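Asks: Sharing target.cif here; it has mmCIF, C-alpha atoms.
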data_upload
loop_
_atom_site.label_atom_id
_atom_site.label_comp_id
_atom_site.auth_asym_id
_atom_site.auth_seq_id
_atom_site.Cartn_x
_atom_site.Cartn_y
_atom_site.Cartn_z
CA MET R 1 2.22 -25.16 12.65
CA ILE R 2 5.10 -22.74 13.13
CA VAL R 3 7.22 -22.11 10.06
CA PRO R 4 10.88 -21.35 10.74
CA ILE R 5 12.13 -17.97 9.56
CA ASN R 6 15.05 -17.93 7.17
CA ALA R 7 16.92 -14.75 8.14
CA ASP R 8 19.15 -14.84 5.05
CA GLU R 9 16.11 -15.01 2.75
CA LEU R 10 14.42 -12.13 4.55
CA ASP R 11 17.61 -10.07 4.41
CA ALA R 12 17.91 -10.70 0.66
CA LYS R 13 14.29 -9.58 0.12
CA LEU R 14 14.87 -6.44 2.16
CA ARG R 15 18.03 -5.58 0.26
CA ALA R 16 16.25 -6.08 -3.08
CA TRP R 17 13.36 -3.87 -1.93
CA ARG R 18 15.78 -1.15 -0.82
CA GLU R 19 17.59 -1.26 -4.16
CA GLU R 20 14.30 -0.91 -6.03
CA HIS R 21 13.01 1.85 -3.74
CA ASP R 22 16.13 4.00 -3.61
CA THR R 23 14.36 7.38 -3.42
CA SER R 24 11.75 8.76 -1.07
CA ALA R 25 9.41 9.34 -4.03
CA LYS R 26 9.49 5.62 -4.93
CA VAL R 27 8.79 4.64 -1.32
CA ALA R 28 5.88 7.08 -1.08
CA GLU R 29 4.36 5.82 -4.35
CA THR R 30 4.56 2.22 -3.16
CA HIS R 31 2.88 3.07 0.15
CA ARG R 32 0.16 5.05 -1.66
CA LYS R 33 -0.71 2.03 -3.80
CA VAL R 34 -0.93 -0.32 -0.81
CA LEU R 35 -2.86 2.19 1.27
CA LEU R 36 -5.76 2.33 -1.17
CA ASP R 37 -6.00 -1.48 -1.16
CA ARG R 38 -6.07 -1.51 2.64
CA VAL R 39 -8.84 1.12 2.77
CA VAL R 40 -10.99 -0.92 0.37
CA GLN R 41 -10.39 -4.07 2.45
CA SER R 42 -11.18 -2.25 5.68
CA MET R 43 -14.42 -0.82 4.31
CA ALA R 44 -15.51 -4.28 3.15
CA PHE R 45 -14.70 -5.67 6.61
CA GLU R 46 -16.90 -2.97 8.15
CA ASN R 47 -19.70 -4.05 5.78
CA GLN R 48 -19.41 -0.74 3.91
CA PRO R 49 -18.15 -1.91 0.52
CA LEU R 50 -16.26 0.68 -1.49
CA SER R 51 -14.85 -0.02 -4.92
CA MET R 52 -11.32 0.96 -5.82
CA GLU R 53 -12.72 3.08 -8.66
CA ARG R 54 -14.96 5.03 -6.24
CA LEU R 55 -12.12 5.47 -3.74
CA LYS R 56 -9.85 6.88 -6.46
CA THR R 57 -12.61 9.29 -7.49
CA LEU R 58 -13.11 10.45 -3.91
CA THR R 59 -9.41 10.92 -3.24
CA GLY R 60 -9.09 12.86 -6.52
CA ILE R 61 -11.90 15.19 -5.44
CA LEU R 62 -10.23 15.74 -2.06
CA ARG R 63 -6.87 16.50 -3.69
CA ALA R 64 -8.51 19.03 -6.03
CA LYS R 65 -10.21 20.78 -3.11
CA ALA R 66 -6.96 20.91 -1.14
CA ARG R 67 -5.21 22.90 -3.86
#
Written as structure tokens, how would this file's structure read?
Replies:
Amino acid sequence: MIVPINADELDAKLRAWREEHDTSAKVAETHRKVLLDRVVQSMAFENQPLSMERLKTLTGILRAKAR
């Protein structure tokens, strides 16, 4: 079943998101949070489960080495 798209509703959501994410730092932080979730989901899909806790540990180690 195809659900019709309400353009006004989508526009309102986009405007609200833009108001909340009014700096590049806020946008980057939001993307960082979603990215970790997507990596965990992708690893599970590939039958290589990885917990969020472990992923955060690994990314922390990589950040420390990069400095």
Asks: Between atom CA of Ala16 of chain R and atom CA of Leu35 of chain R, measure the distance and give it in Å to one decimal.
Replies: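 These two atoms are separated by 21.3 Å.
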Asks: Take atom CA of Arg63 of chain R and atom CA of Arg18 of chain R and report the distance between them in Å, one decimal.
Replies: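 Here the two named atoms are 28.9 Å from each other.
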Asks: Enter the distance from atom CA of Arg15 of chain R to atom CA of Thr30 of chain R, in Å, rounded to one decimal.
Replies: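 These two atoms are separated by 15.9 Å.
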Asks: May I have the centre and edge lengths, in Å to one decimal, of an axis-aligned box around the listed atoms of segment 29-45 of chain R with 6 Å added to every side, as AutoDock Vina command-line options?
Replies:
--center_x -5.5 --center_y 0.1 --center_z 1.1 --size_x 32.1 --size_y 23.5 --size_z 23.0
Asks: Applied to this file, what does the PyMOL selection byres ((chain R and resi 50-55) around 9) return in terms of residues, put as a list of chain:residue names?
Replies: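 Going through the file, the PyMOL selection byres ((chain R and resi 50-55) around 9) ends up selecting R:Leu36, R:Asp37, R:Val39, R:Val40, R:Gln41, R:Met43, R:Ala44, R:Gln48, R:Pro49, R:Lys56, R:Thr57, R:Leu58, R:Thr59, R:Gly60.
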